[in-house]
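File shown: target-v4.json (JSON, C-alpha atoms).
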[["chain", "number", "residue", "atom", "x", "y", "z"],
["A", 1, "ASP", "CA", 7.36, 17.23, 5.09],
["A", 2, "THR", "CA", 7.19, 13.43, 4.88],
["A", 3, "GLU", "CA", 3.53, 12.99, 4.12],
["A", 4, "VAL", "CA", 1.19, 12.34, 1.25],
["A", 5, "THR", "CA", -1.97, 14.39, 1.71],
["A", 6, "GLN", "CA", -5.25, 13.29, 0.18],
["A", 7, "THR", "CA", -8.45, 15.30, -0.04],
["A", 8, "PRO", "CA", -11.27, 14.89, 0.58],
["A", 9, "LYS", "CA", -11.20, 12.15, 3.22],
["A", 10, "HIS", "CA", -14.77, 11.14, 2.44],
["A", 11, "LEU", "CA", -16.82, 11.64, -0.72],
["A", 12, "VAL", "CA", -20.37, 10.65, -1.58],
["A", 13, "MET", "CA", -21.36, 11.13, -5.20],
["A", 14, "GLY", "CA", -24.21, 10.21, -7.49],
["A", 15, "MET", "CA", -23.73, 8.22, -10.65],
["A", 16, "THR", "CA", -24.16, 11.33, -12.82],
["A", 17, "ASN", "CA", -21.78, 13.53, -10.84],
["A", 18, "LYS", "CA", -18.28, 14.67, -11.72],
["A", 19, "LYS", "CA", -15.82, 14.90, -8.86],
["A", 20, "SER", "CA", -12.06, 14.89, -8.34],
["A", 21, "LEU", "CA", -9.73, 13.38, -5.79],
["A", 22, "LYS", "CA", -6.56, 15.26, -4.95],
["A", 23, "CYS", "CA", -3.17, 14.04, -3.79],
["A", 24, "GLU", "CA", -0.18, 16.17, -2.82],
["A", 25, "GLN", "CA", 3.39, 15.46, -1.69],
["A", 26, "HIS", "CA", 6.39, 17.71, -1.08],
["A", 27, "MET", "CA", 9.09, 15.08, -0.65],
["A", 28, "GLY", "CA", 10.54, 15.52, -4.12],
["A", 29, "HIS", "CA", 9.26, 12.10, -5.14],
["A", 30, "ARG", "CA", 9.09, 11.67, -8.90],
["A", 31, "ALA", "CA", 6.71, 8.71, -9.05],
["A", 32, "MET", "CA", 3.09, 8.87, -7.93],
["A", 33, "TYR", "CA", 0.41, 6.20, -7.85],
["A", 34, "TRP", "CA", -3.31, 5.65, -7.52],
["A", 35, "TYR", "CA", -4.55, 2.48, -5.83],
["A", 36, "LYS", "CA", -8.09, 1.24, -5.27],
["A", 37, "GLN", "CA", -8.88, -0.84, -2.20],
["A", 38, "LYS", "CA", -12.12, -2.70, -1.64],
["A", 39, "ALA", "CA", -13.10, -3.85, 1.83],
["A", 40, "LYS", "CA", -10.98, -6.68, 3.22],
["A", 41, "LYS", "CA", -8.82, -6.74, 0.06],
["A", 42, "PRO", "CA", -5.30, -5.54, -0.72],
["A", 43, "PRO", "CA", -4.80, -2.32, -2.69],
["A", 44, "GLU", "CA", -4.93, -2.72, -6.46],
["A", 45, "LEU", "CA", -2.79, -0.54, -8.67],
["A", 46, "MET", "CA", -4.67, 1.76, -11.04],
["A", 47, "PHE", "CA", -2.18, 4.28, -12.45],
["A", 48, "VAL", "CA", 1.48, 5.19, -12.21],
["A", 49, "TYR", "CA", 2.97, 8.56, -13.07],
["A", 50, "SER", "CA", 6.70, 8.84, -13.47],
["A", 51, "TYR", "CA", 8.23, 12.29, -13.93],
["A", 52, "GLU", "CA", 4.71, 13.66, -14.52],
["A", 53, "LYS", "CA", 4.02, 11.29, -17.38],
["A", 54, "LEU", "CA", 1.56, 8.41, -17.26],
["A", 55, "SER", "CA", 3.65, 5.24, -17.37],
["A", 56, "ILE", "CA", 1.19, 2.56, -16.29],
["A", 57, "ASN", "CA", -2.58, 2.26, -16.72],
["A", 58, "GLU", "CA", -3.80, -1.04, -15.36],
["A", 59, "SER", "CA", -6.72, -1.23, -17.82],
["A", 60, "VAL", "CA", -8.78, 1.12, -15.70],
["A", 61, "PRO", "CA", -12.19, 2.16, -17.11],
["A", 62, "SER", "CA", -12.26, 5.58, -18.75],
["A", 63, "ARG", "CA", -14.67, 6.91, -16.13],
["A", 64, "PHE", "CA", -11.48, 7.29, -14.05],
["A", 65, "SER", "CA", -9.17, 9.95, -15.49],
["A", 66, "PRO", "CA", -5.83, 10.70, -13.85],
["A", 67, "GLU", "CA", -3.94, 13.95, -14.14],
["A", 68, "CYS", "CA", -0.52, 15.06, -12.93],
["A", 69, "PRO", "CA", -0.36, 18.88, -13.19],
["A", 70, "ASN", "CA", 3.11, 19.06, -11.63],
["A", 71, "SER", "CA", 5.61, 16.95, -9.72],
["A", 72, "SER", "CA", 3.79, 17.50, -6.39],
["A", 73, "LEU", "CA", 0.18, 16.99, -7.41],
["A", 74, "LEU", "CA", -1.85, 14.05, -8.62],
["A", 75, "ASN", "CA", -5.55, 14.19, -9.36],
["A", 76, "LEU", "CA", -8.12, 11.52, -10.13],
["A", 77, "HIS", "CA", -11.14, 12.80, -12.03],
["A", 78, "LEU", "CA", -14.32, 10.78, -11.62],
["A", 79, "HIS", "CA", -17.30, 10.77, -13.95],
["A", 80, "ALA", "CA", -20.33, 8.51, -14.33],
["A", 81, "LEU", "CA", -19.17, 6.08, -11.68],
["A", 82, "GLN", "CA", -21.02, 2.93, -10.68],
["A", 83, "PRO", "CA", -21.89, 1.77, -7.15],
["A", 84, "GLU", "CA", -19.25, -0.95, -7.46],
["A", 85, "ASP", "CA", -16.63, 1.78, -7.71],
["A", 86, "SER", "CA", -17.20, 2.55, -4.04],
["A", 87, "ALA", "CA", -13.88, 1.91, -2.30],
["A", 88, "LEU", "CA", -10.94, 3.49, -0.51],
["A", 89, "TYR", "CA", -8.74, 5.29, -3.03],
["A", 90, "LEU", "CA", -5.14, 5.53, -1.97],
["A", 91, "CYS", "CA", -2.44, 7.76, -3.37],
["A", 92, "ALA", "CA", 1.23, 6.93, -2.96],
["A", 93, "SER", "CA", 4.55, 8.39, -3.97],
["A", 94, "SER", "CA", 8.07, 7.08, -4.22],
["A", 95, "HIS", "CA", 11.59, 8.31, -4.82],
["A", 96, "THR", "CA", 13.00, 6.33, -7.70],
["A", 97, "GLU", "CA", 16.65, 6.36, -8.50],
["A", 98, "GLY", "CA", 17.78, 4.06, -11.25],
["A", 99, "GLN", "CA", 16.62, 0.57, -10.45],
["A", 100, "ALA", "CA", 16.45, 1.19, -6.73],
["A", 101, "ASN", "CA", 13.20, 2.15, -5.10],
["A", 102, "TYR", "CA", 13.53, 3.42, -1.59],
["A", 103, "GLY", "CA", 9.99, 2.79, -0.53],
["A", 104, "TYR", "CA", 6.52, 4.10, -1.02],
["A", 105, "THR", "CA", 4.66, 6.62, 1.12],
["A", 106, "PHE", "CA", 0.89, 6.28, 1.21],
["A", 107, "GLY", "CA", -1.75, 8.84, 1.95],
["A", 108, "SER", "CA", -4.63, 8.10, 4.32],
["A", 109, "GLY", "CA", -7.02, 7.69, 1.42],
["A", 110, "THR", "CA", -10.37, 8.97, 0.22],
["A", 111, "ARG", "CA", -13.37, 6.86, 1.15],
["A", 112, "LEU", "CA", -15.63, 7.06, -1.91],
["A", 113, "THR", "CA", -19.28, 6.05, -1.88],
["A", 114, "VAL", "CA", -21.23, 6.06, -5.15],
["A", 115, "VAL", "CA", -24.99, 6.19, -4.73],
["B", 1, "ALA", "CA", 5.30, -13.17, -12.97],
["B", 2, "GLN", "CA", 5.98, -11.80, -9.56],
["B", 3, "SER", "CA", 3.59, -12.70, -6.72],
["B", 4, "VAL", "CA", 3.36, -12.33, -2.97],
["B", 5, "THR", "CA", 1.69, -14.94, -0.78],
["B", 6, "GLN", "CA", 0.44, -14.47, 2.73],
["B", 7, "LEU", "CA", -0.79, -17.87, 3.78],
["B", 8, "ASP", "CA", -2.55, -16.78, 6.96],
["B", 9, "SER", "CA", -5.63, -14.65, 6.45],
["B", 10, "GLN", "CA", -6.12, -14.28, 10.20],
["B", 11, "VAL", "CA", -3.78, -14.66, 13.17],
["B", 12, "PRO", "CA", -5.33, -14.53, 16.64],
["B", 13, "VAL", "CA", -2.92, -14.06, 19.54],
["B", 14, "PHE", "CA", -3.04, -13.06, 23.18],
["B", 15, "GLU", "CA", -1.49, -9.85, 24.39],
["B", 16, "GLU", "CA", 2.25, -10.08, 25.25],
["B", 17, "ALA", "CA", 2.64, -13.27, 23.21],
["B", 18, "PRO", "CA", 5.06, -13.44, 20.28],
["B", 19, "VAL", "CA", 3.72, -13.44, 16.74],
["B", 20, "GLU", "CA", 4.97, -14.28, 13.28],
["B", 21, "LEU", "CA", 3.17, -13.26, 10.09],
["B", 22, "ARG", "CA", 4.32, -15.22, 7.08],
["B", 23, "CYS", "CA", 5.12, -13.88, 3.64],
["B", 24, "ASN", "CA", 6.58, -15.65, 0.63],
["B", 25, "TYR", "CA", 7.44, -14.08, -2.68],
["B", 26, "SER", "CA", 8.23, -15.43, -6.10],
["B", 27, "SER", "CA", 10.58, -13.64, -8.38],
["B", 28, "SER", "CA", 13.43, -14.44, -10.71],
["B", 29, "VAL", "CA", 15.15, -11.14, -10.06],
["B", 30, "SER", "CA", 16.19, -9.15, -7.03],
["B", 31, "VAL", "CA", 13.26, -7.73, -5.14],
["B", 32, "TYR", "CA", 12.58, -5.04, -2.66],
["B", 33, "LEU", "CA", 10.26, -6.18, 0.10],
["B", 34, "PHE", "CA", 7.98, -4.26, 2.41],
["B", 35, "TRP", "CA", 5.59, -4.75, 5.29],
["B", 36, "TYR", "CA", 2.73, -2.29, 5.70],
["B", 37, "VAL", "CA", 0.14, -2.00, 8.46],
["B", 38, "GLN", "CA", -3.37, -0.68, 7.96],
["B", 39, "TYR", "CA", -5.54, 0.31, 10.89],
["B", 40, "PRO", "CA", -9.32, 0.50, 10.37],
["B", 41, "ASN", "CA", -10.40, 3.26, 8.01],
["B", 42, "GLN", "CA", -6.84, 4.44, 7.49],
["B", 43, "GLY", "CA", -4.17, 4.33, 4.82],
["B", 44, "LEU", "CA", -1.08, 2.15, 4.79],
["B", 45, "GLN", "CA", 1.84, 2.80, 7.11],
["B", 46, "LEU", "CA", 5.27, 1.42, 6.35],
["B", 47, "LEU", "CA", 6.55, -0.90, 9.07],
["B", 48, "LEU", "CA", 9.85, -1.87, 7.50],
["B", 49, "LYS", "CA", 11.57, -2.54, 4.22],
["B", 50, "TYR", "CA", 14.33, -4.70, 2.79],
["B", 51, "LEU", "CA", 16.30, -3.23, -0.08],
["B", 52, "SER", "CA", 19.73, -4.82, 0.35],
["B", 53, "GLY", "CA", 22.36, -5.55, 2.99],
["B", 54, "SER", "CA", 21.58, -7.14, 6.34],
["B", 55, "THR", "CA", 18.86, -9.75, 6.09],
["B", 56, "LEU", "CA", 17.42, -8.83, 9.50],
["B", 57, "VAL", "CA", 15.43, -5.66, 9.20],
["B", 58, "LYS", "CA", 14.11, -3.75, 12.18],
["B", 59, "GLY", "CA", 11.08, -1.54, 11.84],
["B", 60, "ILE", "CA", 8.77, 0.61, 13.85],
["B", 61, "ASN", "CA", 6.65, -0.47, 16.82],
["B", 62, "GLY", "CA", 9.04, -3.28, 17.74],
["B", 63, "PHE", "CA", 8.53, -5.28, 14.54],
["B", 64, "GLU", "CA", 11.31, -6.97, 12.62],
["B", 65, "ALA", "CA", 11.53, -9.18, 9.56],
["B", 66, "GLU", "CA", 14.10, -11.53, 8.11],
["B", 67, "PHE", "CA", 14.81, -11.82, 4.41],
["B", 68, "ASN", "CA", 15.54, -15.42, 3.43],
["B", 69, "LYS", "CA", 16.54, -15.69, -0.20],
["B", 70, "SER", "CA", 16.77, -19.49, -0.27],
["B", 71, "GLN", "CA", 13.25, -19.85, 1.08],
["B", 72, "THR", "CA", 11.96, -16.72, -0.73],
["B", 73, "SER", "CA", 10.43, -15.57, 2.53],
["B", 74, "PHE", "CA", 10.14, -12.31, 4.42],
["B", 75, "HIS", "CA", 8.32, -13.16, 7.65],
["B", 76, "LEU", "CA", 7.34, -10.45, 10.10],
["B", 77, "ARG", "CA", 7.87, -10.98, 13.83],
["B", 78, "LYS", "CA", 7.23, -9.25, 17.10],
["B", 79, "PRO", "CA", 8.33, -10.74, 20.45],
["B", 80, "SER", "CA", 5.45, -9.30, 22.46],
["B", 81, "VAL", "CA", 2.29, -7.87, 20.92],
["B", 82, "HIS", "CA", -0.06, -5.24, 22.28],
["B", 83, "ILE", "CA", -3.77, -4.73, 21.85],
["B", 84, "SER", "CA", -2.92, -1.72, 19.68],
["B", 85, "ASP", "CA", -1.21, -4.00, 17.14],
["B", 86, "THR", "CA", -4.62, -5.25, 16.04],
["B", 87, "ALA", "CA", -4.73, -4.35, 12.35],
["B", 88, "GLU", "CA", -4.35, -5.64, 8.81],
["B", 89, "TYR", "CA", -0.79, -6.37, 7.70],
["B", 90, "PHE", "CA", 0.27, -6.44, 4.07],
["B", 91, "CYS", "CA", 3.47, -7.83, 2.66],
["B", 92, "ALA", "CA", 4.50, -6.27, -0.65],
["B", 93, "ALA", "CA", 7.22, -6.72, -3.26],
["B", 94, "ASP", "CA", 8.56, -4.41, -5.91],
["B", 95, "ASN", "CA", 11.06, -5.14, -8.64],
["B", 96, "THR", "CA", 9.99, -2.69, -11.31],
["B", 97, "ASP", "CA", 7.84, 0.35, -10.82],
["B", 98, "LYS", "CA", 4.96, -1.62, -9.39],
["B", 99, "LEU", "CA", 4.23, -2.61, -5.82],
["B", 100, "ILE", "CA", 2.54, -5.99, -5.60],
["B", 101, "PHE", "CA", 0.62, -6.77, -2.41],
["B", 102, "GLY", "CA", -0.18, -10.01, -0.71],
["B", 103, "THR", "CA", -3.77, -10.64, 0.31],
["B", 104, "GLY", "CA", -3.16, -9.43, 3.85],
["B", 105, "THR", "CA", -3.17, -10.95, 7.34],
["B", 106, "ARG", "CA", -5.58, -9.80, 9.98],
["B", 107, "LEU", "CA", -3.75, -9.74, 13.34],
["B", 108, "GLN", "CA", -6.22, -9.87, 16.21],
["B", 109, "VAL", "CA", -4.73, -9.36, 19.66],
["B", 110, "PHE", "CA", -6.85, -10.47, 22.61],
["B", 111, "PRO", "CA", -6.45, -9.31, 26.23]]

Conversion result in structure tokens:
Amino acid sequence: DTEVTQTPKHLVMGMTNKKSLKCEQHMGHRAMYWYKQKAKKPPELMFVYSYEKLSINESVPSRFSPECPNSSLLNLHLHALQPEDSALYLCASSHTEGQANYGYTFGSGTRLTVV
Amino acid sequence: AQSVTQLDSQVPVFEEAPVELRCNYSSSVSVYLFWYVQYPNQGLQLLLKYLSGSTLVKGINGFEAEFNKSQTSFHLRKPSVHISDTAEYFCAADNTDKLIFGTGTRLQVFP
């Protein structure tokens, strides 16, 4: 299995809703990432988990709450989002060994629309 | 601070013509460099990567890139493009645990 699987592919939610995005990989990767991508822009890093611990939070608002239940799963819990949070949310994983990083694998993303 | 620059926001080209997408990086330490392609409404697919060794890197779909340390460049090339190569291309660099993207180049292939 060489894929990162993201569900759902599309999500429409109201500003008072609570929803979660899910990401799963079975490649034995020990680092997992959440990126946010607005239209016609590059992905922007949100969170990094390394060995199931949060290692980087790029000053993301608290209405986004990441969770890493185990080494294969990464969730992003959403609450009280704003319309400007509408974007493509990408999950990625990587196999990190010392200082070498052998590349990142991206999922196909969740297209989120906040209404 | 590390940064990645893609000078061309759009590159129009006719089918079967060669193409080069430019990428420059700035870093004071060794970097790992990547090219990703993104088709409409999809995630990112890795085209190729440079970690070490040979400076000419071959990737999928006939693409290749050359790492040039003196010019801090990692340009992507393809000798003959197809309509299906129309997509957004991102150059990225990583020297810690973060992947930094360039702003992207829209490759538009015309028949």

Could the residues of chain B that have an atom at most 7 Å from chain A be listed as a tab-separated table, each with its closest atom pair and the distance in Å to one decimal, counting all atoms listed in the file and ordered by chain and ascending residue number?
residue	atom	partner	partner_atom	distance
B:Gln42	CA	A:Ser108	CA	5.3
B:Gly43	CA	A:Ser108	CA	3.8
B:Leu44	CA	A:Phe106	CA	5.8
B:Gln45	CA	A:Phe106	CA	6.9
B:Phe101	CA	A:Pro42	CA	6.3
B:Gly102	CA	A:Pro42	CA	6.8
B:Thr103	CA	A:Pro42	CA	5.4
B:Gly104	CA	A:Pro42	CA	6.4

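For the residues A:Pro83, A:Gly14, A:Glu24, A:Trp34, ranking by smallest atom-to-atom distance to Pro66 of chain A using only C-alpha atoms places A:Trp34 first.
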
Inset, instruction - Could you jot down the atom CA of Pro18 of chain B to atom CA of Ser54 of chain B separation for me, Å, one decimal place? - result: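 Interatomic distance here is 22.5 Å.
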
Legend entry - Separation of atom CA of Glu16 of chain B from atom CA of Leu47 of chain B, in Å and rounded to one decimal: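 Atom CA of Glu16 of chain B sits 19.1 Å away from atom CA of Leu47 of chain B.
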
To box segment 10-19 of chain A, take all atoms listed in the file, fit an axis-aligned box, add 8 Å on each side, and give centre and edge lengths in Å to one decimal, as AutoDock Vina command-line options.
--center_x -19.5 --center_y 11.6 --center_z -5.2 --size_x 25.4 --size_y 22.7 --size_z 31.3

Legend entry - Pairwise distance for atom CA of Val114 of chain A and atom CA of Glu67 of chain A, rounded to one decimal in Å: 21.0 Å

Contacts of Pro61 of chain A within 10 Å, only C-alpha atoms, excl. fewer than 3 positions in-chain, as a PDB file with C-alpha atoms, keeping the file's coordinate frame:
ATOM      1  CA  MET A  46      -4.670   1.760 -11.040  1.00  0.00           C
ATOM      2  CA  ASN A  57      -2.580   2.260 -16.720  1.00  0.00           C
ATOM      3  CA  GLU A  58      -3.800  -1.040 -15.360  1.00  0.00           C
ATOM      4  CA  PHE A  64     -11.480   7.290 -14.050  1.00  0.00           C
ATOM      5  CA  SER A  65      -9.170   9.950 -15.490  1.00  0.00           C
ATOM      6  CA  LEU A  81     -19.170   6.080 -11.680  1.00  0.00           C
TER       7      LEU A  81
END

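Taking only C-alpha atoms into account, those protein, DNA and RNA residues with any atom at most 8 Å away from (4.8, -13.2, -3.8) amount to B:Gln2, B:Ser3, B:Val4, B:Thr5, B:Gln6, B:Cys23, B:Asn24, B:Tyr25, B:Ser26, B:Ser27, B:Ala92, B:Ala93, B:Ile100, B:Phe101, B:Gly102.
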
Legend entry - Residues near Phe63 of chain B, cut-off 12 Å, all atoms listed in the file, skip fewer than 3 positions along chain, as a PyMOL selection string: chain B and resi 18-21+35-37+46-49+56-60+66+75-82+85+89

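When all atoms listed in the file are used to compute distances to Leu21 of chain A, the closest of the residues A:Arg63, A:His77, A:Lys36, A:Lys53 turns out to be A:His77.
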
Inset, instruction - Point out the residue among B:Thr86, B:Gln10, B:Ser52, B:Asn41 with the least atom-to-atom distance to Phe67 of chain B, counting only C-alpha atoms. - result: B:Ser52

Select all residues near (-5.7, -1.1, 15.5) (cut-off 8 Å, inclusive, file coordinates), counting all atoms listed in the file, and output them as a short mmCIF file (atom, residue, chain, number, x, y, z; two decimals) with C-alpha atoms, keeping the file's coordinate frame.
data_model
loop_
_atom_site.label_atom_id
_atom_site.label_comp_id
_atom_site.auth_asym_id
_atom_site.auth_seq_id
_atom_site.Cartn_x
_atom_site.Cartn_y
_atom_site.Cartn_z
CA GLN B 38 -3.37 -0.68 7.96
CA TYR B 39 -5.54 0.31 10.89
CA PRO B 40 -9.32 0.50 10.37
CA ILE B 83 -3.77 -4.73 21.85
CA SER B 84 -2.92 -1.72 19.68
CA ASP B 85 -1.21 -4.00 17.14
CA THR B 86 -4.62 -5.25 16.04
CA ALA B 87 -4.73 -4.35 12.35
#
